[in-house]
$ cat final-v2.cif   # mmCIF, N, CA and C atoms
data_input
loop_
_atom_site.label_atom_id
_atom_site.label_comp_id
_atom_site.auth_asym_id
_atom_site.auth_seq_id
_atom_site.Cartn_x
_atom_site.Cartn_y
_atom_site.Cartn_z
N MET I 1 0.84 -1.17 0.00
CA MET I 1 0.00 0.00 0.00
C MET I 1 0.89 1.24 0.00
N ARG I 2 0.58 2.18 -0.86
CA ARG I 2 1.34 3.43 -0.92
C ARG I 2 0.96 4.32 0.25
N LYS I 3 1.86 5.25 0.56
CA LYS I 3 1.64 6.16 1.68
C LYS I 3 0.36 6.97 1.49
N SER I 4 0.10 7.44 0.26
CA SER I 4 -1.10 8.24 0.02
C SER I 4 -2.37 7.43 0.26
N GLU I 5 -2.34 6.15 -0.10
CA GLU I 5 -3.49 5.30 0.14
C GLU I 5 -3.68 5.06 1.65
N ALA I 6 -2.58 4.87 2.35
CA ALA I 6 -2.64 4.64 3.79
C ALA I 6 -3.18 5.88 4.51
N LEU I 7 -2.77 7.06 4.11
CA LEU I 7 -3.26 8.29 4.73
C LEU I 7 -4.75 8.48 4.46
N LYS I 8 -5.19 8.15 3.26
CA LYS I 8 -6.60 8.24 2.93
C LYS I 8 -7.41 7.25 3.77
N LEU I 9 -6.90 6.04 3.92
CA LEU I 9 -7.56 5.03 4.73
C LEU I 9 -7.60 5.48 6.19
N ARG I 10 -6.51 6.04 6.70
CA ARG I 10 -6.47 6.53 8.08
C ARG I 10 -7.56 7.59 8.31
N HIS I 11 -7.72 8.50 7.36
CA HIS I 11 -8.75 9.53 7.46
C HIS I 11 -10.14 8.89 7.59
N HIS I 12 -10.41 7.87 6.79
CA HIS I 12 -11.72 7.21 6.84
C HIS I 12 -11.91 6.46 8.15
N ILE I 13 -10.85 5.86 8.66
CA ILE I 13 -10.94 5.16 9.94
C ILE I 13 -11.25 6.15 11.05
N GLU I 14 -10.52 7.28 11.08
CA GLU I 14 -10.75 8.29 12.12
C GLU I 14 -12.18 8.83 12.06
N LYS I 15 -12.72 8.95 10.88
CA LYS I 15 -14.10 9.41 10.73
C LYS I 15 -15.08 8.34 11.20
N ALA I 16 -14.84 7.09 10.85
CA ALA I 16 -15.76 6.00 11.18
C ALA I 16 -15.82 5.73 12.68
N VAL I 17 -14.68 5.82 13.37
CA VAL I 17 -14.69 5.48 14.80
C VAL I 17 -15.45 6.50 15.63
N GLN I 18 -15.74 7.66 15.08
CA GLN I 18 -16.50 8.67 15.83
C GLN I 18 -17.90 8.18 16.18
N SER I 19 -18.40 7.18 15.46
CA SER I 19 -19.75 6.68 15.72
C SER I 19 -19.79 5.66 16.86
N LEU I 20 -18.65 5.25 17.38
CA LEU I 20 -18.62 4.28 18.47
C LEU I 20 -19.03 4.90 19.79
N ASP I 21 -19.70 4.11 20.63
CA ASP I 21 -19.99 4.59 21.98
C ASP I 21 -18.69 4.51 22.80
N ASP I 22 -18.71 5.10 23.99
CA ASP I 22 -17.49 5.18 24.79
C ASP I 22 -16.89 3.81 25.09
N LYS I 23 -17.73 2.84 25.41
CA LYS I 23 -17.23 1.50 25.75
C LYS I 23 -16.45 0.90 24.59
N ASP I 24 -17.01 0.94 23.40
CA ASP I 24 -16.31 0.39 22.23
C ASP I 24 -15.12 1.26 21.85
N ALA I 25 -15.26 2.57 22.00
CA ALA I 25 -14.16 3.48 21.66
C ALA I 25 -12.92 3.21 22.50
N LEU I 26 -13.14 2.84 23.75
CA LEU I 26 -12.01 2.59 24.65
C LEU I 26 -11.21 1.36 24.24
N GLU I 27 -11.80 0.50 23.43
CA GLU I 27 -11.09 -0.68 22.97
C GLU I 27 -10.18 -0.38 21.79
N CYS I 28 -10.27 0.84 21.24
CA CYS I 28 -9.44 1.17 20.07
C CYS I 28 -9.01 2.65 20.10
N VAL I 29 -8.53 3.10 21.25
CA VAL I 29 -8.13 4.50 21.42
C VAL I 29 -7.12 4.93 20.35
N CYS I 30 -6.23 4.01 19.97
CA CYS I 30 -5.18 4.36 19.01
C CYS I 30 -5.73 4.75 17.63
N LEU I 31 -6.99 4.45 17.36
CA LEU I 31 -7.58 4.81 16.06
C LEU I 31 -8.07 6.25 16.01
N TYR I 32 -8.14 6.90 17.16
CA TYR I 32 -8.64 8.27 17.20
C TYR I 32 -7.53 9.27 16.91
N GLN I 33 -7.94 10.38 16.32
CA GLN I 33 -7.01 11.46 16.00
C GLN I 33 -6.35 11.95 17.29
N LYS I 34 -5.05 12.19 17.22
CA LYS I 34 -4.34 12.75 18.37
C LYS I 34 -4.64 14.24 18.46
N TRP I 35 -4.82 14.71 19.70
CA TRP I 35 -5.08 16.13 19.92
C TRP I 35 -3.91 16.94 19.39
N ASP I 36 -4.23 18.07 18.79
CA ASP I 36 -3.24 18.97 18.20
C ASP I 36 -3.61 20.39 18.63
N GLY I 37 -2.66 21.08 19.24
CA GLY I 37 -2.92 22.43 19.74
C GLY I 37 -2.62 23.53 18.76
N ASN I 38 -2.54 23.22 17.49
CA ASN I 38 -2.16 24.20 16.47
C ASN I 38 -3.33 24.67 15.63
N GLY I 39 -4.36 25.20 16.26
CA GLY I 39 -5.47 25.80 15.52
C GLY I 39 -6.37 24.82 14.79
N ILE I 40 -6.58 23.65 15.37
CA ILE I 40 -7.47 22.65 14.77
C ILE I 40 -8.90 22.91 15.25
N ALA I 41 -9.85 22.89 14.34
CA ALA I 41 -11.26 23.06 14.70
C ALA I 41 -11.81 21.72 15.18
N TYR I 42 -12.22 21.67 16.44
CA TYR I 42 -12.81 20.46 17.00
C TYR I 42 -14.31 20.68 17.19
N ALA I 43 -15.09 19.77 16.64
CA ALA I 43 -16.55 19.85 16.74
C ALA I 43 -17.02 19.16 18.02
N LYS I 44 -18.11 19.67 18.57
CA LYS I 44 -18.73 19.05 19.75
C LYS I 44 -19.08 17.59 19.42
N ASP I 45 -18.94 16.74 20.41
CA ASP I 45 -19.29 15.32 20.32
C ASP I 45 -18.33 14.48 19.49
N THR I 46 -17.13 15.00 19.23
CA THR I 46 -16.11 14.16 18.61
C THR I 46 -15.19 13.67 19.73
N LYS I 47 -14.42 12.65 19.41
CA LYS I 47 -13.47 12.08 20.36
C LYS I 47 -12.06 12.30 19.84
N VAL I 48 -11.14 12.57 20.76
CA VAL I 48 -9.72 12.69 20.43
C VAL I 48 -8.92 11.98 21.52
N GLN I 49 -7.70 11.65 21.20
CA GLN I 49 -6.82 11.06 22.21
C GLN I 49 -5.68 12.02 22.50
N ASP I 50 -5.23 12.00 23.74
CA ASP I 50 -4.06 12.77 24.12
C ASP I 50 -3.33 11.99 25.20
N GLU I 51 -2.06 11.74 24.97
CA GLU I 51 -1.24 10.98 25.90
C GLU I 51 -1.87 9.62 26.22
N GLY I 52 -2.49 9.00 25.22
CA GLY I 52 -3.11 7.69 25.39
C GLY I 52 -4.44 7.68 26.09
N VAL I 53 -4.99 8.86 26.38
CA VAL I 53 -6.27 8.98 27.08
C VAL I 53 -7.32 9.49 26.09
N LEU I 54 -8.51 8.91 26.16
CA LEU I 54 -9.59 9.30 25.26
C LEU I 54 -10.44 10.39 25.89
N TYR I 55 -10.77 11.41 25.10
CA TYR I 55 -11.60 12.52 25.55
C TYR I 55 -12.74 12.75 24.58
N ASN I 56 -13.89 13.19 25.12
CA ASN I 56 -15.00 13.67 24.31
C ASN I 56 -14.90 15.19 24.25
N VAL I 57 -15.08 15.75 23.07
CA VAL I 57 -15.12 17.21 22.93
C VAL I 57 -16.52 17.64 23.33
N ILE I 58 -16.61 18.50 24.35
CA ILE I 58 -17.93 18.91 24.83
C ILE I 58 -18.30 20.32 24.42
N THR I 59 -17.32 21.08 23.93
CA THR I 59 -17.57 22.43 23.43
C THR I 59 -16.79 22.60 22.13
N ALA I 60 -17.47 22.96 21.07
CA ALA I 60 -16.77 23.21 19.80
C ALA I 60 -15.79 24.36 20.00
N HIS I 61 -14.59 24.22 19.43
CA HIS I 61 -13.57 25.25 19.60
C HIS I 61 -12.44 25.03 18.60
N THR I 62 -11.59 26.02 18.49
CA THR I 62 -10.36 25.92 17.71
C THR I 62 -9.23 25.81 18.72
N SER I 63 -8.43 24.77 18.58
CA SER I 63 -7.43 24.46 19.60
C SER I 63 -6.33 25.51 19.71
N GLN I 64 -5.77 25.55 20.91
CA GLN I 64 -4.61 26.38 21.21
C GLN I 64 -3.64 25.51 22.00
N ALA I 65 -2.36 25.78 21.89
CA ALA I 65 -1.34 24.95 22.53
C ALA I 65 -1.54 24.81 24.03
N ASP I 66 -2.05 25.82 24.70
CA ASP I 66 -2.21 25.75 26.15
C ASP I 66 -3.59 25.23 26.58
N TRP I 67 -4.37 24.68 25.66
CA TRP I 67 -5.68 24.12 25.97
C TRP I 67 -5.65 22.59 25.90
N LYS I 68 -4.66 21.96 26.50
CA LYS I 68 -4.59 20.50 26.49
C LYS I 68 -5.84 19.91 27.13
N PRO I 69 -6.31 18.79 26.63
CA PRO I 69 -7.54 18.20 27.15
C PRO I 69 -7.54 17.99 28.67
N LYS I 70 -6.44 17.53 29.24
CA LYS I 70 -6.46 17.26 30.68
C LYS I 70 -6.55 18.53 31.52
N ASN I 71 -6.29 19.69 30.91
CA ASN I 71 -6.31 20.95 31.64
C ASN I 71 -7.53 21.82 31.35
N THR I 72 -8.41 21.36 30.47
CA THR I 72 -9.54 22.21 30.07
C THR I 72 -10.87 21.43 30.13
N PRO I 73 -11.40 21.21 31.34
CA PRO I 73 -12.64 20.44 31.46
C PRO I 73 -13.85 21.14 30.86
N SER I 74 -13.74 22.42 30.51
CA SER I 74 -14.86 23.07 29.84
C SER I 74 -14.90 22.73 28.35
N LEU I 75 -13.81 22.16 27.84
CA LEU I 75 -13.73 21.80 26.42
C LEU I 75 -13.75 20.29 26.20
N PHE I 76 -13.16 19.55 27.13
CA PHE I 76 -12.99 18.10 26.97
C PHE I 76 -13.45 17.37 28.22
N ALA I 77 -14.05 16.20 28.03
CA ALA I 77 -14.42 15.32 29.14
C ALA I 77 -13.66 14.01 28.97
N LYS I 78 -12.85 13.68 29.94
CA LYS I 78 -12.10 12.43 29.92
C LYS I 78 -13.08 11.27 30.04
N VAL I 79 -12.88 10.24 29.24
CA VAL I 79 -13.65 9.01 29.37
C VAL I 79 -13.01 8.26 30.54
N LEU I 80 -13.77 8.08 31.62
CA LEU I 80 -13.19 7.63 32.88
C LEU I 80 -12.90 6.15 33.01
N ILE I 81 -13.50 5.32 32.23
CA ILE I 81 -13.22 3.89 32.32
C ILE I 81 -12.31 3.53 31.14
N PRO I 82 -10.98 3.72 31.29
CA PRO I 82 -10.07 3.57 30.16
C PRO I 82 -9.95 2.15 29.61
N ASP I 83 -10.15 1.13 30.44
CA ASP I 83 -10.07 -0.26 29.99
C ASP I 83 -11.19 -1.02 30.67
N PRO I 84 -12.22 -1.40 29.94
CA PRO I 84 -13.37 -2.06 30.56
C PRO I 84 -13.04 -3.35 31.30
N THR I 85 -11.88 -3.95 31.01
CA THR I 85 -11.50 -5.20 31.67
C THR I 85 -10.77 -4.97 32.99
N ILE I 86 -10.41 -3.74 33.30
CA ILE I 86 -9.69 -3.40 34.52
C ILE I 86 -10.55 -2.43 35.33
N VAL I 87 -10.68 -2.70 36.61
CA VAL I 87 -11.44 -1.80 37.48
C VAL I 87 -10.47 -0.71 37.96
N PRO I 88 -10.68 0.53 37.52
CA PRO I 88 -9.74 1.61 37.87
C PRO I 88 -10.02 2.20 39.24
N GLU I 89 -9.06 2.94 39.73
CA GLU I 89 -9.27 3.73 40.94
C GLU I 89 -10.28 4.81 40.63
N TRP I 90 -11.18 5.07 41.58
CA TRP I 90 -12.16 6.13 41.41
C TRP I 90 -11.44 7.47 41.33
N GLU I 91 -11.88 8.32 40.46
CA GLU I 91 -11.40 9.70 40.42
C GLU I 91 -12.61 10.60 40.31
N GLN I 92 -12.52 11.75 40.94
CA GLN I 92 -13.66 12.67 40.95
C GLN I 92 -13.99 13.12 39.55
N PRO I 93 -15.18 12.80 39.06
CA PRO I 93 -15.55 13.26 37.72
C PRO I 93 -16.05 14.69 37.76
N GLU I 94 -16.03 15.30 36.61
CA GLU I 94 -16.66 16.60 36.42
C GLU I 94 -18.12 16.32 36.05
N SER I 95 -18.93 17.33 36.01
CA SER I 95 -20.32 17.12 35.60
C SER I 95 -20.41 16.70 34.14
N THR I 96 -19.32 16.87 33.40
CA THR I 96 -19.30 16.55 31.98
C THR I 96 -18.87 15.12 31.68
N ASN I 97 -18.37 14.39 32.69
CA ASN I 97 -17.92 13.01 32.44
C ASN I 97 -18.25 12.09 33.61
N PRO I 98 -19.53 12.01 34.00
CA PRO I 98 -19.90 11.20 35.16
C PRO I 98 -19.76 9.70 34.88
N TYR I 99 -19.76 8.94 35.96
CA TYR I 99 -19.82 7.49 35.83
C TYR I 99 -21.25 7.11 35.48
N MET I 100 -21.37 6.01 34.76
CA MET I 100 -22.69 5.55 34.35
C MET I 100 -23.05 4.27 35.09
N LYS I 101 -24.34 3.94 35.10
CA LYS I 101 -24.83 2.75 35.78
C LYS I 101 -24.04 1.53 35.30
N GLY I 102 -23.53 0.76 36.25
CA GLY I 102 -22.76 -0.44 35.91
C GLY I 102 -21.26 -0.24 35.92
N ASP I 103 -20.79 1.01 35.87
CA ASP I 103 -19.35 1.27 35.93
C ASP I 103 -18.82 0.79 37.28
N LYS I 104 -17.63 0.21 37.25
CA LYS I 104 -17.00 -0.30 38.46
C LYS I 104 -15.72 0.47 38.73
N VAL I 105 -15.47 0.73 40.02
CA VAL I 105 -14.26 1.44 40.43
C VAL I 105 -13.76 0.86 41.76
N MET I 106 -12.50 1.15 42.07
CA MET I 106 -11.93 0.87 43.37
C MET I 106 -11.85 2.18 44.13
N CYS I 107 -12.21 2.15 45.41
CA CYS I 107 -12.15 3.36 46.24
C CYS I 107 -11.96 2.93 47.69
N ASP I 108 -10.96 3.48 48.34
CA ASP I 108 -10.68 3.18 49.75
C ASP I 108 -10.54 1.68 49.98
N GLY I 109 -9.89 1.00 49.02
CA GLY I 109 -9.63 -0.43 49.16
C GLY I 109 -10.82 -1.34 48.90
N LYS I 110 -11.93 -0.80 48.44
CA LYS I 110 -13.13 -1.59 48.16
C LYS I 110 -13.53 -1.42 46.70
N LYS I 111 -14.25 -2.42 46.19
CA LYS I 111 -14.75 -2.36 44.82
C LYS I 111 -16.21 -1.92 44.86
N TRP I 112 -16.55 -0.96 43.98
CA TRP I 112 -17.88 -0.39 43.95
C TRP I 112 -18.45 -0.44 42.53
N GLN I 113 -19.78 -0.49 42.44
CA GLN I 113 -20.47 -0.42 41.15
C GLN I 113 -21.52 0.67 41.23
N SER I 114 -21.54 1.53 40.20
CA SER I 114 -22.52 2.61 40.16
C SER I 114 -23.91 2.02 39.92
N THR I 115 -24.86 2.50 40.71
CA THR I 115 -26.24 2.04 40.57
C THR I 115 -27.11 3.03 39.80
N ILE I 116 -26.49 4.15 39.38
CA ILE I 116 -27.23 5.19 38.66
C ILE I 116 -26.39 5.73 37.52
N ASP I 117 -27.04 6.31 36.54
CA ASP I 117 -26.35 7.05 35.48
C ASP I 117 -25.99 8.44 35.99
N ASN I 118 -25.00 9.04 35.36
CA ASN I 118 -24.58 10.42 35.66
C ASN I 118 -24.13 10.58 37.11
N ASN I 119 -23.38 9.60 37.60
CA ASN I 119 -22.94 9.56 38.98
C ASN I 119 -21.67 10.38 39.17
N VAL I 120 -21.73 11.41 39.99
CA VAL I 120 -20.55 12.24 40.29
C VAL I 120 -20.17 12.16 41.77
N TRP I 121 -20.86 11.28 42.52
CA TRP I 121 -20.60 11.17 43.95
C TRP I 121 -19.50 10.16 44.23
N LYS I 122 -18.83 10.33 45.36
CA LYS I 122 -17.81 9.39 45.80
C LYS I 122 -18.49 8.10 46.25
N PRO I 123 -17.90 6.95 45.92
CA PRO I 123 -18.48 5.69 46.41
C PRO I 123 -18.65 5.71 47.92
N GLY I 124 -19.79 5.19 48.36
CA GLY I 124 -20.12 5.18 49.77
C GLY I 124 -21.00 6.34 50.19
N VAL I 125 -21.09 7.36 49.33
CA VAL I 125 -21.91 8.52 49.65
C VAL I 125 -23.32 8.36 49.08
N TYR I 126 -23.38 8.12 47.76
CA TYR I 126 -24.68 7.99 47.11
C TYR I 126 -24.46 7.35 45.74
N GLY I 127 -25.38 6.50 45.32
CA GLY I 127 -25.37 5.97 43.96
C GLY I 127 -24.38 4.85 43.69
N TRP I 128 -23.86 4.21 44.75
CA TRP I 128 -22.89 3.13 44.58
C TRP I 128 -23.28 1.97 45.49
N GLU I 129 -22.91 0.76 45.07
CA GLU I 129 -23.02 -0.38 45.96
C GLU I 129 -21.69 -1.08 45.99
N GLU I 130 -21.30 -1.53 47.18
CA GLU I 130 -20.05 -2.27 47.31
C GLU I 130 -20.27 -3.66 46.74
N ILE I 131 -19.30 -4.14 45.97
CA ILE I 131 -19.40 -5.47 45.37
C ILE I 131 -18.18 -6.28 45.77
N SER I 132 -18.29 -7.60 45.66
CA SER I 132 -17.20 -8.47 46.10
C SER I 132 -16.53 -9.22 44.95
N GLU I 133 -17.06 -9.12 43.77
CA GLU I 133 -16.51 -9.90 42.64
C GLU I 133 -15.09 -9.54 42.30
#

$ encode --input "final-v2.cif" --output "structure tokens"
Amino acid sequence: MRKSEALKLRHHIEKAVQSLDDKDALECVCLYQKWDGNGIAYAKDTKVQDEGVLYNVITAHTSQADWKPKNTPSLFAKVLIPDPTIVPEWEQPESTNPYMKGDKVMCDGKKWQSTIDNNVWKPGVYGWEEISE
């Protein structure tokens, strides 16, 4: 395959993966366009990767070098369950990237499962049940 054909195919792949839900998207983060701070127009509801982490664009904008996804929660929402096969440590979500019903996390040495969608509370406070699996 020639380089021009590969680049064209890459463009189509990056466009096609935008239709995946977060769970499926997390299984192929490497297929998403890498964030670029050099004046790229990002549309709302697209996904980008930065430093191996997947983010949803929540506000349409033109990128700037100092607007990295991890530092701008008004523009990007980190997808919090990076690998569905691994139960991650709980981290405080923003209102833009809550945990969803069924998401599992570790917190204070215990495993928890969210019992509600749009969960922004710490496990043990509200919307979580301790599990033993």

$ residues_around --input "final-v2.cif" --residues "I:Gly127" --least-positions-apart "5" --cutoff "6.5 Å" --atoms "only N, CA and C atoms" --output "JSON, numbers by chain"
{"I": [113, 114, 115, 116]}

$ closest_atom_pairs --input "final-v2.cif" --of "stretch 49-125 of chain I" --to "stretch 36-42 of chain I" --cutoff "8 Å" --atoms "only N, CA and C atoms" --output "tab-separated table"
residue	atom	partner	partner_atom	distance
I:Gln49	C	I:Asp36	N	7.2
I:Asp50	CA	I:Asp36	N	7.5
I:Val57	CA	I:Tyr42	C	6.8
I:Ile58	N	I:Tyr42	C	7.8
I:Thr59	C	I:Tyr42	C	5.9
I:Ala60	CA	I:Tyr42	C	4.4
I:His61	C	I:Tyr42	N	4.0
I:Thr62	CA	I:Ile40	C	4.2
I:Ser63	N	I:Ile40	C	3.8
I:Gln64	C	I:Gly37	CA	3.9
I:Ala65	N	I:Gly37	C	3.9
I:Asp66	N	I:Gly37	CA	6.1
I:Trp67	N	I:Gly37	CA	6.5
I:Lys68	N	I:Gly37	CA	7.0

$ select_by_dssp --input "final-v2.cif" --residues "chain I" --states "alpha helix (DSSP H)" --output "list in words"
Lys3, Ser4, Glu5, Ala6, Leu7, Lys8, Leu9, Arg10, His11, His12, Ile13, Glu14, Lys15, Ala16, Asp22, Lys23, Asp24 and Ala25 of chain I

$ atom_distance --input "final-v2.cif" --atom1 "atom CA of I:Leu31" --atom2 "atom N of I:Glu14"
6.3 Å

$ atom_distance --input "final-v2.cif" --atom1 "atom C of I:Glu27" --atom2 "atom N of I:Leu54"
10.4 Å

$ residues_around --input "final-v2.cif" --residues "I:Lys110" --least-positions-apart "4" --cutoff "8 Å" --atoms "all atoms listed in the file" --output "list in words"
Val105, Met106, Glu130, Ile131 and Ser132 of chain I

$ residues_around --input "final-v2.cif" --residues "I:Trp90" --least-positions-apart "5" --cutoff "12 Å" --atoms "only C-alpha atoms" --output "MDAnalysis selection string"
chainID I and resid 80:82 98:99 103:114 119:124 128

$ select_by_dssp --input "final-v2.cif" --residues "stretch 19-129 of chain I" --states "strand (DSSP E)" --output "number ranges by chain"
I: 41-42, 47-50, 53-57, 61-62, 76-78, 104-107, 110-114, 128-129

$ closest_residue --input "final-v2.cif" --among "I:Ser74, I:Ser4, I:Val79, I:Lys101" --to "I:Lys47" --atoms "only C-alpha atoms"
I:Val79
